[in-house]
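Participant: This is the structure, below, for whatever I ask next.
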Number of protein chains: 2
Amino acid sequence: MPVTVSRKDQMDTIIAVLRGLGATEEEAYIQADVWTEADLRGIHSHGVQRLPVMVTRIQKGLMKVNVKPELSWSTPCVLNVDGKDGFGTSTCETSLKALVPAVRKNGIGTLTVRNAAHIGMVGYYAERRAQEGLICVAFTTTEVLVHPFGGAEALVGTNPIAIGIPGTPRPYLLDMATSVSAMGRIIALKHRGEKIPEGWAVDKNGVPTTDPDAALKGSLSPAGGPKGYGLGIAIAMLGGLLAGMPAGREVLGTLDTEYRCTVGDLFIVLDPQAFPGGDTLAAGVKKYLDELRASRPATGFKQVSVPGDPEFKLREERLVNGIPHPEEVWHAAEQLRSTIGK
Amino acid sequence: MPVTVSRKDQMDTIIAVLRGLGATEEEAYIQADVWTEADLRGIHSHGVQRLPVMVTRIQKGLMKVNVKPELSWSTPCVLNVDGKDGFGTSTCETSLKALVPAVRKNGIGTLTVRNAAHIGMVGYYAERRAQEGLICVAFTTTEVLVHPFGGAEALVGTNPIAIGIPGTPRPYLLDMATSVSAMGRIIALKHRGEKIPEGWAVDKNGVPTTDPDAALKGSLSPAGGPKGYGLGIAIAMLGGLLAGMPAGREVLGTLDTEYRCTVGDLFIVLDPQAFPGGDTLAAGVKKYLDELRASRPATGFKQVSVPGDPEFKLREERLVNGIPHPEEVWHAAEQLRSTIGK
């Protein structure tokens with residue numbers, strides 16, 4: 001039986017647990033907000049179900065609380081931040097807030113983050129900047145889970161990209177992994193005893209499979225074959241290497257409880273006001289998206305959707321009716337609150 | 001029978017034709033170089049076969065020669081260029097050269113180009129910047145040829161993205177459309193009387209088809225379904241709207257001989273030296289790409305390739321042995337040289 005939890009209860013619970021472990025108010029609030037925004041949109045792989053792993057990571061000293069990230073400006077437009085093994089979420093969000101005045105002044109600015117924990121749903125940051133009237137392109141790296149196009153071994157992260165663009169009444173938000181699917185969805189299908197759709201994954205020999213067990217021993221397929229593969233490599237370099245972090249197999253520490261986190265992040269933020277189309281951007285975004293939504297659906301589809309629409313609709317609904325969680329997920333969070341919560 | 005043409009002969013022929021129409025030396029050289037680099041890499045859809053259409057466009061006044069683009073800096077890092085209906089190729093390349101000192105000073109810089117003709121293979125510019133030690137992310141828009149995910153009408157361009165990253169011995173270069181395939185490849189299969197692979201296109205009702213005639217009346221499919229679709233929309237906004245140009249159906253004038261060109265372009269250029277991983281970037285790129293190349297291939301593949309490798313190999317071979325063209329393509333170019341060439 002799923003349990004249904006309000007946004008406020010979920011926020012309060014996460015904050016209490018993290019505060020109990022010594023996190024600052026800001027660290028705890030931003031982490032809770034990033035996870036809760038994911039759950040509100042139905043992206044449960046990036047929601048409160050990650051709390052127990054984070055607690056263990058903090059308790060083992062793999063991740064630090066009450067940390068002051070080290071901000072270093074190499075030019076008036078380039079901010080490089082060392083997260084000192086602290087929260088990736090608050091490191092990114094507070095660093096982006098520090099970057100914004102530079103973006104408004106110079107028209108463009110960029111942020112790299114290194115030595116920080118998993119930043120959660122990368123669209124969180126892109127959407128917030130777009131709500132502030134800015135464009136944000138964000139890249140982050142992950143553990144290798146995806147095979148090269150034509151390859152049999154996982155050597156590329158699911159390396160997501162998010163793009164937020166100001167729009168009316170809300171931003172255009174793209175937030176996508178460069179793999180077809182996420183490992184979490186394959187695990188979910190296995191638990192339900194179902195097959196996985198064709199094209200999602202390969203077995204350990206690189207042969208496409210619909211068997212979740214074979215897929216879990218194999219690897220995820222890149223979205224669009226060589227295209228998702230090529231984009232995943234580029235993001236490993238932009239998010240990882242450029243930030244001074246590794247690419248490929250040395251990226252660790254987001255899902256495990258064994259390693260320091262070695263992901264890297266890159267954000268490029270633009271101020272539309274510095275560009276010819278700045279004044280008409282939000283209206284143009286609305287016009288184009290409305291054209292897409294009103295266009296003729298393919299046989300088998302009721303309506304053409306645009307990225308972000310289904311998640312936004314679900315979020316609105318869940319803000320009213322609450323977020324459904326499997327009982328064990330919510331029970332684990334409540335247990336942690338009752339034992340270590342503050 | 002294909003004819004084989006040396007790089008030099010192709011360059012000389014294109015330059016003679018464009019000079020004959022009044023193009024400056026710089027305009028003609030850069031246009032010839034962009035097309036010839038595409039043909040050298042086997043990307044014939046973006047090569048000399050486009051010459052007759054450009055000649056007609058110039059003769060009809062849809063495109064101008066001997067044009068001085070208008071460069072306007074809105075901040076020390078943001079350059080917005082009005083191409084005045086001139087060559088997209090020389091407008092982009094000379095504007096990027098003007099941007100580079102700002103990038104070296106500020107760590108990042110960006111360029112929009114509007115009112116300029118088709119810029120050709122977008123990877124051209126990204127690769128050159130990477131050869132100069134810079135990172136370049138480039139977006140451009142195209143006519144609508146791609147259906148939305150779940151849609152039956154073409155409403156999105158093939159809107160390509162190119163990413164160039166410095167590497168050893170050569171840059172990492174990703175240059176990809178956000179559709180599975182290009183319309184040119186479907187036309188080529190039709191001419192050979194072959195079916196098209198599954199997943200490339202849909203018919204006019206949005207139903208997947210392998211019949212090239214049905215595909216030509218229908219539209220191309222986005223790469224990776226909702227992902228290529230979402231990226232294509234974002235590029236319409238970033239390359240098109242931000243530059244002050246339209247998105248969607250109003251993008252015209254690259255393949256036809258009826259309309260002014262209304263594509264838009266956005267380039268974001270970064271100097272790795274302003275980032276923590278700058279000094280080790282090229283070595284890290286090489287290490288990661290070599291790991292990918294040496295990894296275990298999937299059943300049915302001989303070796304794992306990385307994006308850019310096949311094109312680079314073909315280019316090396318064609319620099320020695322020449323570029324093969326269908327007789328009618330090269331004949332058309334030579335005819336133009338003999339009638340209007342200078």
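Order determines the names: the first chain of the structure tokens is A, the second B, and so forth; residues in each chain are numbered 1 upward, and ligands are numbered 1 upward as they are shown.
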Taking only residues of chain A that have an atom at most 6 Å from an atom of chain B, what is each one's shortest atom pair and its distance in Å to one decimal, using only C-alpha atoms, in chain and number order, as a tab-separated table?
Facilitator:
```
residue	atom	partner	partner_atom	distance
A:Ser74	CA	B:Ala274	CA	5.7
A:Thr75	CA	B:Asn106	CA	5.5
A:Asn106	CA	B:Thr75	CA	5.5
A:Gly150	CA	B:Ala298	CA	5.3
A:Gly151	CA	B:Pro297	CA	4.1
A:Ala152	CA	B:Ala298	CA	4.5
A:Asn205	CA	B:Ala298	CA	6.0
A:Gly206	CA	B:Ala298	CA	4.4
A:Ala223	CA	B:Gly224	CA	4.9
A:Gly224	CA	B:Gly224	CA	4.0
A:Gly230	CA	B:Pro307	CA	5.9
A:Leu241	CA	B:Gly277	CA	5.6
A:Leu242	CA	B:Gly277	CA	4.4
A:Ala243	CA	B:Gly277	CA	5.3
A:Gly244	CA	B:Gly277	CA	3.8
A:Ala274	CA	B:Ser74	CA	5.7
A:Pro276	CA	B:Gly244	CA	5.0
A:Gly277	CA	B:Gly244	CA	3.9
A:Arg296	CA	B:Ala152	CA	5.6
A:Pro297	CA	B:Gly151	CA	4.1
A:Ala298	CA	B:Gly206	CA	4.4
A:Phe301	CA	B:Gly150	CA	5.9
A:Val304	CA	B:Gly151	CA	5.6
A:Pro307	CA	B:Gly230	CA	5.9
```
Participant: Can those selected residues be exported to a file as a JSON list (two decimals), in the first residue's frame so that it contains N, CA, C and O atoms?
Facilitator:
```json
[["chain", "number", "residue", "atom", "x", "y", "z"],
["A", 74, "SER", "N", 37.89, 32.93, -11.57],
["A", 74, "SER", "CA", 39.10, 33.03, -12.40],
["A", 74, "SER", "C", 39.02, 34.23, -13.33],
["A", 74, "SER", "O", 40.04, 34.76, -13.76],
["A", 75, "THR", "N", 37.83, 34.66, -13.66],
["A", 75, "THR", "CA", 37.57, 35.90, -14.40],
["A", 75, "THR", "C", 36.25, 36.44, -13.86],
["A", 75, "THR", "O", 35.57, 35.75, -13.08],
["A", 106, "ASN", "N", 27.40, 40.76, -17.39],
["A", 106, "ASN", "CA", 28.21, 40.39, -18.56],
["A", 106, "ASN", "C", 27.43, 39.67, -19.65],
["A", 106, "ASN", "O", 27.99, 39.36, -20.70],
["A", 150, "GLY", "N", 27.72, 0.32, -30.05],
["A", 150, "GLY", "CA", 28.57, -0.76, -30.59],
["A", 150, "GLY", "C", 29.45, -1.41, -29.55],
["A", 150, "GLY", "O", 30.28, -2.26, -29.89],
["A", 151, "GLY", "N", 29.26, -1.06, -28.28],
["A", 151, "GLY", "CA", 30.10, -1.61, -27.23],
["A", 151, "GLY", "C", 29.33, -2.50, -26.27],
["A", 151, "GLY", "O", 28.09, -2.47, -26.22],
["A", 152, "ALA", "N", 30.05, -3.30, -25.48],
["A", 152, "ALA", "CA", 29.43, -4.26, -24.57],
["A", 152, "ALA", "C", 29.65, -3.94, -23.10],
["A", 152, "ALA", "O", 29.10, -4.61, -22.24],
["A", 205, "ASN", "N", 27.00, -9.18, -22.93],
["A", 205, "ASN", "CA", 27.70, -9.29, -24.21],
["A", 205, "ASN", "C", 27.34, -8.18, -25.18],
["A", 205, "ASN", "O", 27.73, -8.20, -26.34],
["A", 206, "GLY", "N", 26.54, -7.25, -24.72],
["A", 206, "GLY", "CA", 26.16, -6.14, -25.60],
["A", 206, "GLY", "C", 25.00, -6.50, -26.52],
["A", 206, "GLY", "O", 24.74, -5.78, -27.48],
["A", 223, "ALA", "N", 20.55, 6.94, -25.60],
["A", 223, "ALA", "CA", 19.38, 7.44, -26.33],
["A", 223, "ALA", "C", 19.78, 7.79, -27.75],
["A", 223, "ALA", "O", 20.76, 8.51, -27.96],
["A", 224, "GLY", "N", 19.02, 7.28, -28.73],
["A", 224, "GLY", "CA", 19.34, 7.60, -30.11],
["A", 224, "GLY", "C", 20.65, 7.00, -30.58],
["A", 224, "GLY", "O", 21.28, 7.53, -31.50],
["A", 230, "GLY", "N", 27.43, 10.03, -28.13],
["A", 230, "GLY", "CA", 28.33, 11.17, -28.38],
["A", 230, "GLY", "C", 28.09, 12.32, -27.42],
["A", 230, "GLY", "O", 29.03, 12.97, -26.95],
["A", 241, "LEU", "N", 35.72, 16.57, -16.72],
["A", 241, "LEU", "CA", 37.14, 16.95, -16.89],
["A", 241, "LEU", "C", 37.36, 18.45, -16.73],
["A", 241, "LEU", "O", 38.32, 18.87, -16.09],
["A", 242, "LEU", "N", 36.48, 19.27, -17.30],
["A", 242, "LEU", "CA", 36.68, 20.72, -17.24],
["A", 242, "LEU", "C", 36.62, 21.23, -15.79],
["A", 242, "LEU", "O", 37.34, 22.16, -15.42],
["A", 243, "ALA", "N", 35.78, 20.57, -14.98],
["A", 243, "ALA", "CA", 35.66, 20.96, -13.57],
["A", 243, "ALA", "C", 36.81, 20.40, -12.73],
["A", 243, "ALA", "O", 36.86, 20.62, -11.52],
["A", 244, "GLY", "N", 37.71, 19.65, -13.38],
["A", 244, "GLY", "CA", 38.83, 19.07, -12.65],
["A", 244, "GLY", "C", 38.49, 17.73, -12.01],
["A", 244, "GLY", "O", 39.18, 17.28, -11.10],
["A", 274, "ALA", "N", 20.87, 40.51, -23.05],
["A", 274, "ALA", "CA", 22.08, 40.87, -23.80],
["A", 274, "ALA", "C", 22.02, 40.42, -25.26],
["A", 274, "ALA", "O", 22.98, 40.58, -26.00],
["A", 276, "PRO", "N", 19.74, 39.83, -29.12],
["A", 276, "PRO", "CA", 18.72, 40.50, -29.96],
["A", 276, "PRO", "C", 17.30, 40.04, -29.67],
["A", 276, "PRO", "O", 16.37, 40.83, -29.74],
["A", 277, "GLY", "N", 17.12, 38.76, -29.34],
["A", 277, "GLY", "CA", 15.76, 38.24, -29.13],
["A", 277, "GLY", "C", 15.31, 38.29, -27.68],
["A", 277, "GLY", "O", 14.28, 37.70, -27.34],
["A", 296, "ARG", "N", -1.24, 18.28, -34.98],
["A", 296, "ARG", "CA", -1.96, 17.03, -35.21],
["A", 296, "ARG", "C", -1.21, 15.86, -34.57],
["A", 296, "ARG", "O", -0.04, 15.63, -34.88],
["A", 297, "PRO", "N", -1.86, 15.11, -33.67],
["A", 297, "PRO", "CA", -1.16, 13.98, -33.06],
["A", 297, "PRO", "C", -1.02, 12.80, -34.02],
["A", 297, "PRO", "O", -1.80, 12.67, -34.97],
["A", 298, "ALA", "N", -0.02, 11.98, -33.79],
["A", 298, "ALA", "CA", 0.16, 10.75, -34.57],
["A", 298, "ALA", "C", -0.92, 9.75, -34.17],
["A", 298, "ALA", "O", -1.49, 9.84, -33.08],
["A", 301, "PHE", "N", -1.87, 8.57, -30.50],
["A", 301, "PHE", "CA", -1.64, 9.61, -29.47],
["A", 301, "PHE", "C", -2.85, 10.53, -29.42],
["A", 301, "PHE", "O", -3.46, 10.82, -30.45],
["A", 304, "VAL", "N", -0.32, 16.15, -28.70],
["A", 304, "VAL", "CA", 1.13, 16.35, -28.70],
["A", 304, "VAL", "C", 1.50, 17.07, -27.41],
["A", 304, "VAL", "O", 0.89, 18.08, -27.05],
["A", 307, "PRO", "N", 8.07, 18.72, -23.65],
["A", 307, "PRO", "CA", 8.82, 18.32, -22.45],
["A", 307, "PRO", "C", 8.49, 19.25, -21.28],
["A", 307, "PRO", "O", 8.41, 20.47, -21.45]]
```
Participant: Run DSSP on the backbone and tell me which residues of stretch 144-229 of chain B come out as strand (DSSP E or B); list them as a PyMOL selection string.
Facilitator: chain B and resi 144-146+151+156-157+161-165+172-176+179+201-202+208-209+219-220+222
Participant: Using only C-alpha atoms, determine which residues lie at most 6 Å from stretch 35-45 of chain A, disregarding the query and same-chain residues fewer than 5 positions distant; provide the list as a PyMOL selection string.
Facilitator: chain A and resi 311+314-315+318
Participant: Report as a VMD selection string all protein, DNA and RNA residues lying within 12 Å of B:Asp12, evaluated on only C-alpha atoms, omitting residues in the same chain fewer than 6 positions from it.
Facilitator: chain B and resid 5 to 6 18 to 20 25 28 to 33 36 48 333 to 334 337 341 to 342
